[in-house]
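Participant: Just so it is clear, I am handing over structure02.cif, which has mmCIF, C-alpha atoms.
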```cif
data_protein
loop_
_atom_site.label_atom_id
_atom_site.label_comp_id
_atom_site.auth_asym_id
_atom_site.auth_seq_id
_atom_site.Cartn_x
_atom_site.Cartn_y
_atom_site.Cartn_z
CA MET A 1160 5.95 -31.79 11.03
CA LYS A 1161 5.30 -28.08 10.82
CA ARG A 1162 3.64 -27.12 7.61
CA HIS A 1163 5.36 -24.53 5.41
CA LYS A 1164 3.96 -21.05 5.95
CA LEU A 1165 2.77 -20.74 2.36
CA LEU A 1166 0.90 -24.06 2.40
CA PRO A 1167 -1.70 -24.73 1.21
CA LEU A 1168 -0.85 -22.54 -1.76
CA THR A 1169 -3.36 -19.96 -2.90
CA GLU A 1170 -4.56 -20.39 -6.44
CA THR A 1171 -2.38 -17.46 -7.52
CA MET A 1172 0.78 -18.83 -5.86
CA HIS A 1173 0.09 -22.29 -7.21
CA TYR A 1174 -0.16 -21.11 -10.79
CA ILE A 1175 2.92 -18.89 -10.46
CA LEU A 1176 5.05 -21.74 -9.12
CA LEU A 1177 3.85 -24.04 -11.88
CA ALA A 1178 4.62 -21.38 -14.48
CA VAL A 1179 8.19 -20.68 -13.35
CA ARG A 1180 9.30 -24.27 -13.81
CA GLU A 1181 10.44 -22.51 -17.00
CA PRO A 1182 12.46 -19.30 -16.51
CA LEU A 1183 10.11 -16.35 -17.06
CA HIS A 1184 10.14 -12.62 -16.47
CA GLY A 1185 7.39 -11.01 -14.42
CA TYR A 1186 4.93 -10.01 -17.09
CA ALA A 1187 5.42 -13.31 -18.93
CA ILE A 1188 4.43 -15.13 -15.72
CA MET A 1189 1.08 -13.34 -15.83
CA GLN A 1190 0.58 -14.26 -19.50
CA GLU A 1191 1.58 -17.88 -18.92
CA VAL A 1192 -0.78 -18.20 -15.94
CA GLU A 1193 -3.64 -16.76 -17.92
CA GLU A 1194 -3.04 -19.31 -20.65
CA MET A 1195 -2.56 -22.22 -18.24
CA SER A 1196 -5.83 -21.39 -16.52
CA ASN A 1197 -7.76 -20.92 -19.77
CA GLY A 1198 -8.21 -17.25 -19.02
CA GLN A 1199 -9.62 -17.90 -15.55
CA VAL A 1200 -6.74 -16.46 -13.52
CA ARG A 1201 -5.64 -12.97 -14.46
CA ILE A 1202 -3.07 -11.83 -11.94
CA ALA A 1203 -3.03 -8.07 -11.37
CA ALA A 1204 0.26 -6.20 -11.07
CA GLY A 1205 0.22 -5.68 -7.31
CA THR A 1206 -0.78 -9.27 -6.66
CA LEU A 1207 2.02 -10.59 -8.86
CA TYR A 1208 4.59 -8.30 -7.28
CA GLY A 1209 3.58 -9.36 -3.77
CA ALA A 1210 3.58 -13.04 -4.73
CA ILE A 1211 7.01 -12.84 -6.35
CA GLU A 1212 8.48 -11.07 -3.31
CA ASN A 1213 6.95 -13.64 -1.01
CA LEU A 1214 8.24 -16.56 -3.05
CA LEU A 1215 11.69 -14.97 -3.19
CA LYS A 1216 11.65 -14.43 0.56
CA TYR A 1217 10.99 -18.12 1.19
CA GLN A 1218 13.42 -19.03 -1.57
CA LEU A 1219 10.85 -21.02 -3.52
CA ILE A 1220 11.90 -19.09 -6.62
CA GLU A 1221 15.13 -17.34 -7.52
CA LEU A 1222 16.24 -14.44 -9.65
CA LEU A 1223 18.33 -15.56 -12.56
CA PRO A 1224 21.37 -13.47 -13.39
CA GLY A 1225 20.15 -12.13 -16.72
CA GLU A 1226 21.90 -10.90 -19.83
CA ASP A 1227 19.03 -8.50 -20.41
CA SER A 1228 19.37 -6.42 -17.27
CA ARG A 1229 16.05 -4.63 -17.57
CA ARG A 1230 13.81 -7.64 -17.24
CA LYS A 1231 14.27 -9.84 -14.20
CA VAL A 1232 13.88 -13.54 -14.90
CA TYR A 1233 12.60 -15.93 -12.23
CA ARG A 1234 12.82 -19.70 -11.89
CA ILE A 1235 11.61 -22.20 -9.34
CA THR A 1236 14.16 -23.57 -6.85
CA ASP A 1237 14.52 -27.10 -5.45
CA GLU A 1238 12.61 -25.97 -2.36
CA GLY A 1239 9.89 -24.71 -4.66
CA MET A 1240 9.72 -28.07 -6.41
CA GLU A 1241 9.36 -29.76 -3.03
CA ILE A 1242 6.45 -27.50 -2.19
CA LEU A 1243 4.82 -28.39 -5.50
CA ALA A 1244 5.30 -32.09 -4.74
CA ILE A 1245 3.60 -31.68 -1.37
CA GLU A 1246 0.71 -29.85 -3.01
CA GLN A 1247 0.42 -32.46 -5.71
CA ALA A 1248 0.10 -35.23 -3.12
CA ARG A 1249 -2.47 -33.21 -1.17
CA LEU A 1250 -4.58 -32.52 -4.25
CA GLN A 1251 -4.31 -36.11 -5.46
CA HIS A 1252 -5.59 -37.27 -2.12
CA ILE A 1253 -8.52 -34.88 -2.30
CA LEU A 1254 -9.23 -36.02 -5.88
CA SER A 1255 -9.23 -39.64 -4.74
CA LEU A 1256 -11.87 -38.71 -2.18
CA TYR A 1257 -13.95 -37.13 -4.96
CA GLU A 1258 -13.70 -40.40 -6.82
CA GLY A 1259 -15.19 -42.21 -3.87
CA ARG A 1260 -12.11 -44.06 -2.68
CA PRO A 1261 -12.28 -44.89 1.04
CA HIS A 1262 -10.15 -42.35 2.88
CA HIS A 1263 -7.96 -44.93 4.68
CA GLU A 1264 -6.65 -46.33 1.44
CA LYS A 1265 -3.23 -44.89 0.69
CA VAL A 1266 -2.66 -43.28 -2.66
CA MET B 665 -2.55 23.36 -13.39
CA LYS B 666 -0.92 22.70 -10.04
CA LYS B 667 -2.97 21.93 -6.99
CA PHE B 668 -1.97 21.55 -3.41
CA LYS B 669 -4.02 19.19 -1.29
CA LEU B 670 -3.35 16.99 1.67
CA PHE B 671 -5.20 13.76 2.22
CA MET B 672 -5.23 11.47 5.16
CA ASP B 673 -7.42 8.75 3.65
CA ILE B 674 -5.84 7.33 0.50
CA GLN B 675 -9.17 5.97 -0.73
CA LYS B 676 -10.54 9.52 -0.75
CA GLU B 677 -7.41 10.73 -2.49
CA GLU B 678 -7.79 8.08 -5.19
CA ASP B 679 -11.49 8.93 -5.63
CA TRP B 680 -10.61 12.62 -5.96
CA LEU B 681 -7.92 11.96 -8.59
CA ASN B 682 -10.27 9.74 -10.60
CA GLY B 683 -13.04 12.33 -10.26
CA MET B 684 -10.67 14.93 -11.72
CA VAL B 685 -10.05 12.63 -14.71
CA LYS B 686 -13.79 12.49 -15.32
CA LYS B 687 -13.82 16.29 -15.32
CA GLY B 688 -11.07 16.36 -17.93
CA TRP B 689 -8.09 16.92 -15.65
CA LEU B 690 -5.44 14.26 -15.69
CA CYS B 691 -2.86 14.17 -12.93
CA LYS B 692 0.56 13.76 -14.55
CA HIS B 693 2.75 14.00 -11.50
CA VAL B 694 2.45 13.81 -7.73
CA SER B 695 5.22 15.30 -5.64
CA ALA B 696 6.08 14.16 -2.16
CA TRP B 697 4.55 17.22 -0.49
CA GLY B 698 1.04 16.99 -1.82
CA ILE B 699 1.40 18.97 -5.05
CA TYR B 700 -0.57 17.50 -7.92
CA ASP B 701 0.26 18.53 -11.45
CA PHE B 702 -2.79 18.36 -13.74
CA GLU B 703 -3.10 18.52 -17.50
CA LYS B 704 -6.22 18.82 -19.66
CA THR B 705 -7.20 15.46 -21.10
CA ALA B 706 -9.73 14.45 -23.73
CA SER B 707 -9.98 10.87 -22.54
CA ALA B 708 -11.95 10.13 -19.40
CA GLU B 709 -11.22 6.43 -19.78
CA GLN B 710 -8.16 6.45 -17.58
CA VAL B 711 -7.73 5.16 -14.11
CA ILE B 712 -5.45 6.14 -11.25
CA ARG B 713 -4.56 3.80 -8.40
CA ILE B 714 -2.60 4.49 -5.25
CA ASP B 715 -0.42 1.70 -3.92
CA TYR B 716 1.36 1.38 -0.60
CA PRO B 717 4.07 -1.22 -1.16
CA THR B 718 6.87 -2.12 1.19
CA PHE B 719 10.31 -3.02 -0.10
CA ARG B 720 12.63 -5.50 1.57
CA THR B 721 15.57 -4.32 -0.54
CA SER B 722 16.33 -1.38 -2.79
CA ASP B 723 16.36 -3.86 -5.64
CA ALA B 724 12.77 -4.78 -4.83
CA LYS B 725 11.67 -1.23 -5.55
CA LYS B 726 13.25 -1.41 -8.99
CA ARG B 727 11.52 -4.72 -9.70
CA TYR B 728 8.25 -3.23 -8.47
CA ILE B 729 8.37 -0.24 -10.84
CA GLU B 730 9.49 -2.40 -13.78
CA LEU B 731 6.73 -4.93 -13.29
CA TYR B 732 3.97 -2.32 -13.03
CA GLU B 733 5.29 -0.59 -16.13
CA ASP B 734 5.23 -3.89 -17.99
CA TYR B 735 1.56 -4.08 -17.10
CA GLY B 736 1.03 -0.68 -18.71
CA TRP B 737 0.87 1.39 -15.54
CA GLN B 738 2.57 4.78 -15.70
CA HIS B 739 4.32 5.90 -12.53
CA LEU B 740 3.15 9.35 -11.48
CA GLY B 741 5.45 9.59 -8.51
CA GLY B 742 5.55 8.71 -4.88
CA ASN B 743 7.93 7.85 -2.09
CA TRP B 744 5.96 5.66 0.22
CA LEU B 745 2.62 6.01 -1.53
CA HIS B 746 2.92 5.25 -5.23
CA TYR B 747 0.59 6.72 -7.85
CA TRP B 748 -0.18 4.77 -11.01
CA LEU B 749 -2.04 5.70 -14.19
CA LYS B 750 -3.38 3.45 -16.93
CA PRO B 751 -5.93 3.63 -19.74
CA ALA B 752 -9.03 1.87 -18.41
CA ASP B 753 -9.43 -1.52 -20.06
CA GLY B 754 -11.30 -3.60 -17.53
CA ARG B 755 -8.11 -4.71 -15.81
CA ASP B 756 -7.89 -1.68 -13.65
CA GLU B 757 -7.27 -3.07 -10.18
CA LEU B 758 -3.87 -3.55 -8.61
CA PHE B 759 -4.91 -6.66 -6.71
CA SER B 760 -6.73 -9.66 -8.08
CA ASP B 761 -6.98 -12.09 -5.21
CA HIS B 762 -8.10 -12.17 -1.63
CA ALA B 763 -4.67 -12.72 -0.09
CA SER B 764 -3.13 -9.68 -1.78
CA GLN B 765 -6.14 -7.43 -1.09
CA LYS B 766 -5.88 -8.43 2.53
CA ALA B 767 -2.13 -7.82 2.61
CA TYR B 768 -2.71 -4.37 1.13
CA LEU B 769 -5.22 -3.52 3.85
CA ARG B 770 -2.82 -4.85 6.47
CA ARG B 771 -0.11 -2.50 5.24
CA LEU B 772 -2.56 0.41 5.36
CA LEU B 773 -3.54 -0.54 8.91
CA GLU B 774 0.11 -0.55 9.95
CA TYR B 775 0.58 2.85 8.34
CA TYR B 776 -2.43 4.56 9.92
CA GLY B 777 -2.10 2.73 13.20
CA SER B 778 1.56 3.54 13.78
CA ILE B 779 1.31 7.21 12.77
CA GLY B 780 -1.86 7.66 14.82
CA PHE B 781 -0.29 5.98 17.82
CA VAL B 782 2.90 8.08 17.70
CA LEU B 783 0.90 11.32 17.33
CA LEU B 784 -1.30 10.44 20.30
CA VAL B 785 1.68 9.51 22.48
CA ILE B 786 3.44 12.81 21.72
CA ALA B 787 0.23 14.81 22.18
CA PHE B 788 -0.58 13.21 25.53
CA SER B 789 2.93 13.53 26.90
CA VAL B 790 3.10 17.22 25.95
CA LEU B 791 -0.37 17.84 27.38
CA ASN B 792 0.64 16.10 30.60
CA ASN B 793 4.00 17.75 31.12
CA GLY B 794 3.83 21.05 29.30
CA SER B 795 2.15 24.04 30.88
CA TYR B 796 1.51 26.09 27.75
CA SER B 797 -1.48 24.12 26.55
CA LYS B 798 -3.67 24.70 29.62
CA SER B 799 -4.30 28.39 29.00
CA LEU B 800 -3.54 30.58 26.03
CA LYS B 801 -2.43 33.43 28.29
CA GLY B 802 0.19 31.21 29.87
CA ALA B 803 1.66 30.55 26.45
CA TYR B 804 2.84 34.16 26.18
CA LEU B 805 6.41 34.17 27.47
CA THR B 806 7.43 37.82 26.92
CA PRO B 807 8.66 39.06 30.31
CA GLY B 808 6.36 41.71 31.76
CA LEU B 809 4.04 41.57 28.78
CA TRP B 810 0.82 42.04 30.75
CA GLU B 811 2.21 45.09 32.53
CA LYS B 812 2.98 46.90 29.30
CA GLU B 813 0.54 49.48 27.97
CA GLY B 814 -0.59 51.09 24.76
CA SER B 815 1.34 50.59 21.56
CA GLU B 816 4.21 48.99 23.42
CA PHE B 817 1.85 46.28 24.65
CA LEU B 818 0.23 45.88 21.26
CA SER B 819 3.46 45.37 19.34
CA ALA B 820 4.90 42.99 21.94
CA PHE B 821 1.58 41.15 22.09
CA LEU B 822 1.27 40.80 18.33
CA PHE B 823 4.90 39.73 18.02
CA GLU B 824 4.46 36.99 20.58
CA THR B 825 1.04 35.79 19.37
CA PRO B 826 2.19 33.37 16.64
CA PHE B 827 4.64 31.75 19.07
CA ALA B 828 2.03 31.59 21.82
CA LEU B 829 -0.48 30.02 19.45
CA MET B 830 2.10 27.47 18.43
CA ARG B 831 3.01 26.60 22.02
CA PHE B 832 -0.62 26.44 23.02
CA GLY B 833 -2.03 24.77 19.94
CA MET B 834 0.63 22.26 18.90
CA PRO B 835 -0.33 19.43 21.24
CA TRP B 836 -4.03 19.95 20.51
CA LEU B 837 -3.27 19.85 16.81
CA LEU B 838 -1.27 16.65 17.28
CA LEU B 839 -4.13 15.21 19.30
CA GLY B 840 -6.58 16.05 16.52
CA TRP B 841 -4.34 14.49 13.89
CA GLY B 842 -3.80 11.42 15.99
CA ILE B 843 -7.55 10.94 16.41
CA ALA B 844 -8.10 11.48 12.68
CA PHE B 845 -5.51 8.81 11.84
CA ILE B 846 -7.12 6.39 14.27
CA LEU B 847 -10.52 7.05 12.66
CA VAL B 848 -9.12 6.19 9.22
CA TYR B 849 -7.47 3.15 10.81
CA SER B 850 -10.82 1.90 12.11
CA LYS B 851 -12.42 2.45 8.71
CA TYR B 852 -9.86 0.15 7.05
CA HIS B 853 -10.08 -2.27 9.94
CA LYS B 854 -13.79 -2.59 9.19
CA LYS B 855 -13.02 -3.02 5.50
CA ALA B 856 -10.59 -5.84 6.27
CA LYS B 857 -13.25 -7.59 8.33
CA GLU B 858 -15.80 -7.25 5.54
CA LEU B 859 -13.27 -8.70 3.09
CA ASP B 860 -12.96 -11.74 5.35
CA LYS B 861 -16.71 -12.22 5.41
CA THR B 862 -17.13 -12.16 1.65
CA THR B 863 -14.68 -14.97 1.02
#
```
Represent the structure of the file as structure tokens.

Facilitator:
Amino acid sequence: MKRHKLLPLTETMHYILLAVREPLHGYAIMQEVEEMSNGQVRIAAGTLYGAIENLLKYQLIELLPGEDSRRKVYRITDEGMEILAIEQARLQHILSLYEGRPHHEKV
Amino acid sequence: MKKFKLFMDIQKEEDWLNGMVKKGWLCKHVSAWGIYDFEKTASAEQVIRIDYPTFRTSDAKKRYIELYEDYGWQHLGGNWLHYWLKPADGRDELFSDHASQKAYLRRLLEYYGSIGFVLLVIAFSVLNNGSYSKSLKGAYLTPGLWEKEGSEFLSAFLFETPFALMRFGMPWLLLGWGIAFILVYSKYHKKAKELDKTT
């Protein structure tokens, strides 16, 4: 099977997707990611803009029709959730290797 | 204070604008044709960044401006290049990860590469087909100009000179510009390669 173009997710993309499981506007995504990463990941404006546009393009997130028209609110889509599930399985497998499990054993 | 200046290399332009801030001159507006509007400032702790975004939709441009403003960046203007100003607070870069820095350089490469390429193609085709650029004398088209004498010659000659210079010089000018764009292109190409090495 052909792997999705955005896989494996960059750290930035990964955090953004995890953050928008709740509807968030752009700047709030940055704040949420900073908190989720214990201050380790501070996404700059241009990086966040590019990531959002990319995720919109591949329909991993969507724009919510907002009451407050100034601030655009984003939320993950079903396709986005699938991508997260694939990443979760990949990372769990890698973690199991860290923990010394033989690689042929299925997680 | 208004200043007119044209830059080819946007890194140099950004350095110049930030150098002006250090000297107490803050750029408050950039117009599309290279006119920078400066105001005296007491605070040197401000930073200007130039971005070169691409927009898939007109809505994307709106989202772009809104998001940057939420971050505290003030839009100084721009059509394809966008100029942003912010008080310096340690979060002064537009890009925070490798993928987006690389994408930024890729956009710059497209910009310099395509303009440089088009300029060179036009310059070469004019140089190949046109006859005015081989000799300056041949670029004077006034009938019987070289047979005229005295003041009659002088006035006809002077009248035709700007046109002759334009006919003669235009393709060479385009050639020079094209080469300059390609040189900037190769500079950013090198930068992109270095970025790959460091990560």

Participant: List every protein, DNA or RNA residue that has an atom no more than 10 Å from (3.7, 18.7, -6.4) in the file's coordinate frame, counting all atoms listed in the file, and report them as a list in words.

Facilitator: Lys666, Lys667, Phe668, Lys669, His693, Val694, Ser695, Ala696, Trp697, Gly698, Ile699, Tyr700, Asp701, Phe702 and Gly741 of chain B

Participant: Determine, counting only C-alpha atoms, which protein, DNA and RNA residues have an atom within 12 Å of an atom of A:Gly1209; residues of the same chain fewer than 4 positions away are not included. Present the result as a PDB file with C-alpha atoms, keeping the file's coordinate frame.

Facilitator:
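Once written, selection_25.pdb looks like this:
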```pdb
ATOM      1  CA  THR A1171      -2.380 -17.460  -7.520  1.00  0.00           C
ATOM      2  CA  MET A1172       0.780 -18.830  -5.860  1.00  0.00           C
ATOM      3  CA  ILE A1175       2.920 -18.890 -10.460  1.00  0.00           C
ATOM      4  CA  GLY A1185       7.390 -11.010 -14.420  1.00  0.00           C
ATOM      5  CA  ILE A1202      -3.070 -11.830 -11.940  1.00  0.00           C
ATOM      6  CA  ALA A1203      -3.030  -8.070 -11.370  1.00  0.00           C
ATOM      7  CA  ALA A1204       0.260  -6.200 -11.070  1.00  0.00           C
ATOM      8  CA  GLY A1205       0.220  -5.680  -7.310  1.00  0.00           C
ATOM      9  CA  ASN A1213       6.950 -13.640  -1.010  1.00  0.00           C
ATOM     10  CA  LEU A1214       8.240 -16.560  -3.050  1.00  0.00           C
ATOM     11  CA  LEU A1215      11.690 -14.970  -3.190  1.00  0.00           C
ATOM     12  CA  LYS A1216      11.650 -14.430   0.560  1.00  0.00           C
TER      13      LYS A1216
ATOM     14  CA  ASP B 715      -0.420   1.700  -3.920  1.00  0.00           C
ATOM     15  CA  TYR B 716       1.360   1.380  -0.600  1.00  0.00           C
ATOM     16  CA  PRO B 717       4.070  -1.220  -1.160  1.00  0.00           C
ATOM     17  CA  THR B 718       6.870  -2.120   1.190  1.00  0.00           C
ATOM     18  CA  PHE B 719      10.310  -3.020  -0.100  1.00  0.00           C
ATOM     19  CA  ARG B 720      12.630  -5.500   1.570  1.00  0.00           C
ATOM     20  CA  ALA B 724      12.770  -4.780  -4.830  1.00  0.00           C
ATOM     21  CA  LYS B 725      11.670  -1.230  -5.550  1.00  0.00           C
ATOM     22  CA  ARG B 727      11.520  -4.720  -9.700  1.00  0.00           C
ATOM     23  CA  TYR B 728       8.250  -3.230  -8.470  1.00  0.00           C
ATOM     24  CA  LEU B 731       6.730  -4.930 -13.290  1.00  0.00           C
ATOM     25  CA  TYR B 732       3.970  -2.320 -13.030  1.00  0.00           C
ATOM     26  CA  LEU B 758      -3.870  -3.550  -8.610  1.00  0.00           C
ATOM     27  CA  PHE B 759      -4.910  -6.660  -6.710  1.00  0.00           C
ATOM     28  CA  SER B 760      -6.730  -9.660  -8.080  1.00  0.00           C
ATOM     29  CA  ASP B 761      -6.980 -12.090  -5.210  1.00  0.00           C
ATOM     30  CA  ALA B 763      -4.670 -12.720  -0.090  1.00  0.00           C
ATOM     31  CA  SER B 764      -3.130  -9.680  -1.780  1.00  0.00           C
ATOM     32  CA  GLN B 765      -6.140  -7.430  -1.090  1.00  0.00           C
ATOM     33  CA  LYS B 766      -5.880  -8.430   2.530  1.00  0.00           C
ATOM     34  CA  ALA B 767      -2.130  -7.820   2.610  1.00  0.00           C
ATOM     35  CA  TYR B 768      -2.710  -4.370   1.130  1.00  0.00           C
ATOM     36  CA  ARG B 771      -0.110  -2.500   5.240  1.00  0.00           C
TER      37      ARG B 771
END
```

Participant: Work out how far atom CA of A:Ile1211 is from atom CA of A:Glu1194, in Å to one decimal.

Facilitator: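 Calculated distance between atom CA of A:Glu1194 and atom CA of A:Ile1211 is 18.6 Å.
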
Participant: Would you work out the distance separating atom CA of B:Cys691 from atom CA of B:Ile729, expressed in Å to one decimal?

Facilitator: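 So the answer is 18.4 Å.
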
Participant: With the file shown as input, list the residues that the PyMOL selection byres ((chain B and resi 672) around 9) selects, as a JSON list (two decimals) with C-alpha atoms, in the frame of the given file.

Facilitator:
```json
[["chain", "number", "residue", "atom", "x", "y", "z"],
["B", 670, "LEU", "CA", -3.35, 16.99, 1.67],
["B", 671, "PHE", "CA", -5.20, 13.76, 2.22],
["B", 673, "ASP", "CA", -7.42, 8.75, 3.65],
["B", 674, "ILE", "CA", -5.84, 7.33, 0.50],
["B", 675, "GLN", "CA", -9.17, 5.97, -0.73],
["B", 676, "LYS", "CA", -10.54, 9.52, -0.75],
["B", 677, "GLU", "CA", -7.41, 10.73, -2.49],
["B", 776, "TYR", "CA", -2.43, 4.56, 9.92],
["B", 844, "ALA", "CA", -8.10, 11.48, 12.68],
["B", 845, "PHE", "CA", -5.51, 8.81, 11.84],
["B", 848, "VAL", "CA", -9.12, 6.19, 9.22]]
```

Participant: Would you kindly return, as a PDB file with C-alpha atoms, in the frame of the given file, each protein, DNA or RNA residue with an atom no farther than 12 Å from any atom of A:Arg1249, considering only C-alpha atoms and excluding same-chain residues fewer than 4 positions away?

Facilitator:
```pdb
ATOM      1  CA  LEU A1166       0.900 -24.060   2.400  1.00  0.00           C
ATOM      2  CA  PRO A1167      -1.700 -24.730   1.210  1.00  0.00           C
ATOM      3  CA  LEU A1168      -0.850 -22.540  -1.760  1.00  0.00           C
ATOM      4  CA  ILE A1242       6.450 -27.500  -2.190  1.00  0.00           C
ATOM      5  CA  LEU A1243       4.820 -28.390  -5.500  1.00  0.00           C
ATOM      6  CA  ALA A1244       5.300 -32.090  -4.740  1.00  0.00           C
ATOM      7  CA  ILE A1245       3.600 -31.680  -1.370  1.00  0.00           C
ATOM      8  CA  ILE A1253      -8.520 -34.880  -2.300  1.00  0.00           C
ATOM      9  CA  LEU A1254      -9.230 -36.020  -5.880  1.00  0.00           C
ATOM     10  CA  SER A1255      -9.230 -39.640  -4.740  1.00  0.00           C
ATOM     11  CA  LEU A1256     -11.870 -38.710  -2.180  1.00  0.00           C
ATOM     12  CA  LYS A1265      -3.230 -44.890   0.690  1.00  0.00           C
ATOM     13  CA  VAL A1266      -2.660 -43.280  -2.660  1.00  0.00           C
TER      14      VAL A1266
END
```

Participant: Can you list, as a ChimeraX atom specification, the residues that the PyMOL selection byres ((chain A and resi 1221) around 12) selects here?

Facilitator: /A:1176,1179-1184,1211-1220,1222-1225,1231-1239

Participant: Given the file shown, enumerate the residues that the PyMOL selection byres ((chain B and resi 852) around 10) captures and present them as a PDB file with C-alpha atoms, in the frame of the given file.

Facilitator:
```pdb
ATOM      1  CA  ASP B 673      -7.420   8.750   3.650  1.00  0.00           C
ATOM      2  CA  GLN B 675      -9.170   5.970  -0.730  1.00  0.00           C
ATOM      3  CA  LEU B 769      -5.220  -3.520   3.850  1.00  0.00           C
ATOM      4  CA  ARG B 770      -2.820  -4.850   6.470  1.00  0.00           C
ATOM      5  CA  LEU B 772      -2.560   0.410   5.360  1.00  0.00           C
ATOM      6  CA  LEU B 773      -3.540  -0.540   8.910  1.00  0.00           C
ATOM      7  CA  TYR B 776      -2.430   4.560   9.920  1.00  0.00           C
ATOM      8  CA  ILE B 846      -7.120   6.390  14.270  1.00  0.00           C
ATOM      9  CA  LEU B 847     -10.520   7.050  12.660  1.00  0.00           C
ATOM     10  CA  VAL B 848      -9.120   6.190   9.220  1.00  0.00           C
ATOM     11  CA  TYR B 849      -7.470   3.150  10.810  1.00  0.00           C
ATOM     12  CA  SER B 850     -10.820   1.900  12.110  1.00  0.00           C
ATOM     13  CA  LYS B 851     -12.420   2.450   8.710  1.00  0.00           C
ATOM     14  CA  HIS B 853     -10.080  -2.270   9.940  1.00  0.00           C
ATOM     15  CA  LYS B 854     -13.790  -2.590   9.190  1.00  0.00           C
ATOM     16  CA  LYS B 855     -13.020  -3.020   5.500  1.00  0.00           C
ATOM     17  CA  ALA B 856     -10.590  -5.840   6.270  1.00  0.00           C
ATOM     18  CA  LYS B 857     -13.250  -7.590   8.330  1.00  0.00           C
ATOM     19  CA  GLU B 858     -15.800  -7.250   5.540  1.00  0.00           C
TER      20      GLU B 858
END
```

Participant: Under the rule that only C-alpha atoms are counted, which of A:Arg1230, A:Arg1201, A:His1163, A:His1252 is the nearest residue to B:Asp734?

Facilitator: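 So, comparing all the options, the nearest one is A:Arg1230.
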
Participant: With all atoms listed in the file as the basis for distance, which of B:Gly688, B:Gly808, B:Gly780, B:Gly814 is at the shortest distance from B:Leu838?

Facilitator: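 So, comparing all the options, the nearest one is B:Gly780.
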
Participant: Enclose stretch 1234-1245 of chain A, meaning all of its atoms listed in the file, in a box aligned along x, y and z, pad it by 3 Å on each side, and list the centre and edge lengths in Å to one decimal, as lines of an AutoDock Vina configuration file.

Facilitator:
```
center_x = 9.1
center_y = -25.9
center_z = -6.6
size_x = 16.9
size_y = 18.4
size_z = 16.5
```

Participant: Please determine, counting only C-alpha atoms, which residue among A:Leu1250, A:His1173, A:Ala1210, A:Gly1259 has the shortest atom-to-atom distance to chain B.

Facilitator: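 Going through A:Leu1250, A:His1173, A:Ala1210, A:Gly1259 one by one, the smallest distance to chain B is for A:Ala1210.
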
Participant: So, with only C-alpha atoms as the atoms that count, which of B:Ser795, B:Thr721, B:Thr862, B:Ser778 lies closest to chain A?

Facilitator: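 Selected residue with least distance to chain A: B:Thr721.
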
Participant: Which distance in Å separates atom CA of B:Pro807 and atom CA of B:Pro826, to one decimal?

Facilitator: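 It comes out at 16.2 Å.
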
Participant: Please determine, counting only C-alpha atoms, which residue among B:Glu730, B:Glu678, B:Glu703, B:Glu811 has the shortest atom-to-atom distance to chain A.

Facilitator: B:Glu730

Participant: Looking at only C-alpha atoms, which of A:Gln1190, A:Asn1197, A:Tyr1208, A:Ala1178 is the one that sits closest to chain B?

Facilitator: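 Under the stated criterion, the closest residue is A:Tyr1208.
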